[in-house]
Each structure stands twice: as structure tokens, then as C-alpha cells.
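Everything on this sheet refers to the single structure shown next.
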Amino acid sequence: EAFAYGKLVVTSNSEGPGEIAENGVDAIIVQKGDAQAMADGIIQLINDTALAKKIAENGFAKAGRYDIKHFAASLNEALLKIITIKKRR
């Protein structure tokens with residue numbers, strides 16, 4: 001959701017966000033449970049506005065892949081392929 005709003009993401013390498021985000025590309029990813037690393041990641045984005053801008057823009061671009069319309073179109077395409085294959089048999 002943060003990606004969709006163009007917000008900066010600092011997350012841990014746990015399941016969920018850590019599986020979607022790419023460190024230094026669209027988020028800062030730190031070791032799970034490391035509060036100091038989390039704080040350092042936030043400070044890094046405050047101090048490095050170019051990196052923060054890049055991460056926000058890349059996250060926003062990535063969010064489109066998880067949009068319901070994109071997901072529905074991808075699902076529709078996959079189902080049409082399955083139907084086509086079954087008809088050939």
C-alpha cells in the first residue's frame with residue numbers, strides 16, 4: 001500500500017514486504033528484529049533525498065503490478081491460455 005501512495009518503505013527481511021521489496025531499489029530492507037538498522041534506514045532516507053526520491057518513484061511504479069485491474073487482466077490471460085490448451089486436446 002505504501003508503494004501505491006508513493007511513500008518510502010523501510011522494512012525487514014521477514015515474510016510479506018520483504019518478499020516484494022528490493023533493497024536499495026524500492027525500499028530499504030534491514031535484518032528482522034534489528035531496531036538500530038531500521039532507524040539507520042530511516043535516517044539514510046532523510047539524509048539522502050536523491051535515494052529517497054528514487055525509492056519512492058520505483059515503489060510507486062511497482063505498485064501497478066499489484067493493482068486489481070492488472071491482476072484481473074493477468075488472471076484472465078492465464079485462464080484463456082488454459083481454455084485454448086484444453087480445446088486443442
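In the C-alpha cells, each chain is lettered A, B, ... as it comes, each chain's residues begin at 1, and ligands are numbered from 1 in order of appearance.
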* **Contacts of range 23-31 of chain A within 6 Å, only C-alpha atoms, excl. fewer than 6 positions in-chain, as a list of chain:residue names** => A:Val9, A:Val10, A:Thr11, A:Ser12, A:Asn13, A:Ala37, A:Ile55, A:Asn58, A:Gly59
For the residues in the current selection, export C-alpha atoms as a PDB file, in the first residue's frame.
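Saved as part_31.pdb:
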```
ATOM      1  CA  VAL A   9       9.421   1.935   2.680  1.00  0.00           C
ATOM      2  CA  VAL A  10      11.853   0.758   5.327  1.00  0.00           C
ATOM      3  CA  THR A  11      11.065  -2.842   6.186  1.00  0.00           C
ATOM      4  CA  SER A  12      12.625  -6.032   7.483  1.00  0.00           C
ATOM      5  CA  ASN A  13      13.555  -9.113   5.522  1.00  0.00           C
ATOM      6  CA  ALA A  37      19.223  -0.873  11.408  1.00  0.00           C
ATOM      7  CA  ILE A  55      12.947   4.609  -3.937  1.00  0.00           C
ATOM      8  CA  ASN A  58      10.327   2.874  -8.067  1.00  0.00           C
ATOM      9  CA  GLY A  59       7.902   1.744  -5.374  1.00  0.00           C
TER      10      GLY A  59
END
```
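Taking only range 5-82 of chain A, the residues that DSSP calls strand (DSSP E) from the backbone come to A:Val10, A:Thr11, A:Ser12, A:Ile28, A:Ile29, A:Val30.
From CA of Gly6 in chain A back to CA of Ile46 in chain A, the distance works out to 15.3 Å.
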I need the residues in chain A that are alpha helix (DSSP H) according to DSSP; give them as a PDB file with C-alpha atoms, in the first residue's frame.
```
ATOM      1  CA  PRO A  17       7.005  -6.773   2.422  1.00  0.00           C
ATOM      2  CA  GLY A  18      10.488  -8.278   2.461  1.00  0.00           C
ATOM      3  CA  GLU A  19       9.414 -10.663  -0.305  1.00  0.00           C
ATOM      4  CA  ILE A  20       8.103  -7.906  -2.569  1.00  0.00           C
ATOM      5  CA  ALA A  35      15.796  -1.771  15.548  1.00  0.00           C
ATOM      6  CA  GLN A  36      19.046   0.147  15.076  1.00  0.00           C
ATOM      7  CA  ALA A  37      19.223  -0.873  11.408  1.00  0.00           C
ATOM      8  CA  MET A  38      15.599   0.232  10.988  1.00  0.00           C
ATOM      9  CA  ALA A  39      16.415   3.626  12.493  1.00  0.00           C
ATOM     10  CA  ASP A  40      19.553   3.884  10.334  1.00  0.00           C
ATOM     11  CA  GLY A  41      17.478   3.133   7.215  1.00  0.00           C
ATOM     12  CA  ILE A  42      15.041   5.901   8.058  1.00  0.00           C
ATOM     13  CA  ILE A  43      17.877   8.350   8.726  1.00  0.00           C
ATOM     14  CA  GLN A  44      19.543   7.339   5.456  1.00  0.00           C
ATOM     15  CA  LEU A  45      16.396   8.277   3.526  1.00  0.00           C
ATOM     16  CA  ILE A  46      16.058  11.567   5.413  1.00  0.00           C
ATOM     17  CA  ASN A  47      19.661  12.488   4.590  1.00  0.00           C
ATOM     18  CA  THR A  49      17.000  12.899  -0.845  1.00  0.00           C
ATOM     19  CA  ALA A  50      18.100  11.523  -4.235  1.00  0.00           C
ATOM     20  CA  LEU A  51      17.883   7.957  -2.921  1.00  0.00           C
ATOM     21  CA  ALA A  52      14.559   8.711  -1.236  1.00  0.00           C
ATOM     22  CA  LYS A  53      13.144  10.093  -4.474  1.00  0.00           C
ATOM     23  CA  LYS A  54      14.369   7.063  -6.465  1.00  0.00           C
ATOM     24  CA  ILE A  55      12.947   4.609  -3.937  1.00  0.00           C
ATOM     25  CA  ALA A  56       9.568   6.378  -3.827  1.00  0.00           C
ATOM     26  CA  GLU A  57       9.313   6.505  -7.626  1.00  0.00           C
ATOM     27  CA  ASN A  58      10.327   2.874  -8.067  1.00  0.00           C
ATOM     28  CA  GLY A  59       7.902   1.744  -5.374  1.00  0.00           C
ATOM     29  CA  PHE A  60       5.068   3.660  -6.995  1.00  0.00           C
ATOM     30  CA  ALA A  61       5.889   2.079 -10.369  1.00  0.00           C
ATOM     31  CA  LYS A  62       5.979  -1.393  -8.802  1.00  0.00           C
ATOM     32  CA  ALA A  63       2.586  -0.888  -7.144  1.00  0.00           C
ATOM     33  CA  ILE A  68      -6.565  -5.263  -9.002  1.00  0.00           C
ATOM     34  CA  LYS A  69      -7.122  -4.350 -12.672  1.00  0.00           C
ATOM     35  CA  HIS A  70      -3.648  -5.588 -13.603  1.00  0.00           C
ATOM     36  CA  PHE A  71      -4.148  -8.743 -11.550  1.00  0.00           C
ATOM     37  CA  ALA A  72      -7.541  -9.411 -13.153  1.00  0.00           C
ATOM     38  CA  ALA A  73      -6.107  -8.937 -16.655  1.00  0.00           C
ATOM     39  CA  SER A  74      -3.235 -11.328 -15.883  1.00  0.00           C
ATOM     40  CA  LEU A  75      -5.637 -13.896 -14.451  1.00  0.00           C
ATOM     41  CA  ASN A  76      -7.908 -13.580 -17.491  1.00  0.00           C
ATOM     42  CA  GLU A  77      -4.958 -14.101 -19.824  1.00  0.00           C
ATOM     43  CA  ALA A  78      -3.855 -17.213 -17.924  1.00  0.00           C
ATOM     44  CA  LEU A  79      -7.367 -18.671 -17.972  1.00  0.00           C
ATOM     45  CA  LEU A  80      -7.706 -18.052 -21.714  1.00  0.00           C
ATOM     46  CA  LYS A  81      -4.445 -19.926 -22.284  1.00  0.00           C
ATOM     47  CA  ILE A  82      -5.728 -22.871 -20.263  1.00  0.00           C
ATOM     48  CA  ILE A  83      -9.004 -22.921 -22.184  1.00  0.00           C
ATOM     49  CA  THR A  84      -7.142 -22.777 -25.500  1.00  0.00           C
ATOM     50  CA  ILE A  85      -4.900 -25.688 -24.499  1.00  0.00           C
ATOM     51  CA  LYS A  86      -7.872 -27.797 -23.376  1.00  0.00           C
ATOM     52  CA  LYS A  87      -9.746 -27.116 -26.613  1.00  0.00           C
ATOM     53  CA  ARG A  88      -6.768 -28.417 -28.613  1.00  0.00           C
TER      54      ARG A  88
END
```
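For the atom pair formed by CA of Lys32 in chain A and CA of Gly16 in chain A, the distance is 11.9 Å, given to one decimal.
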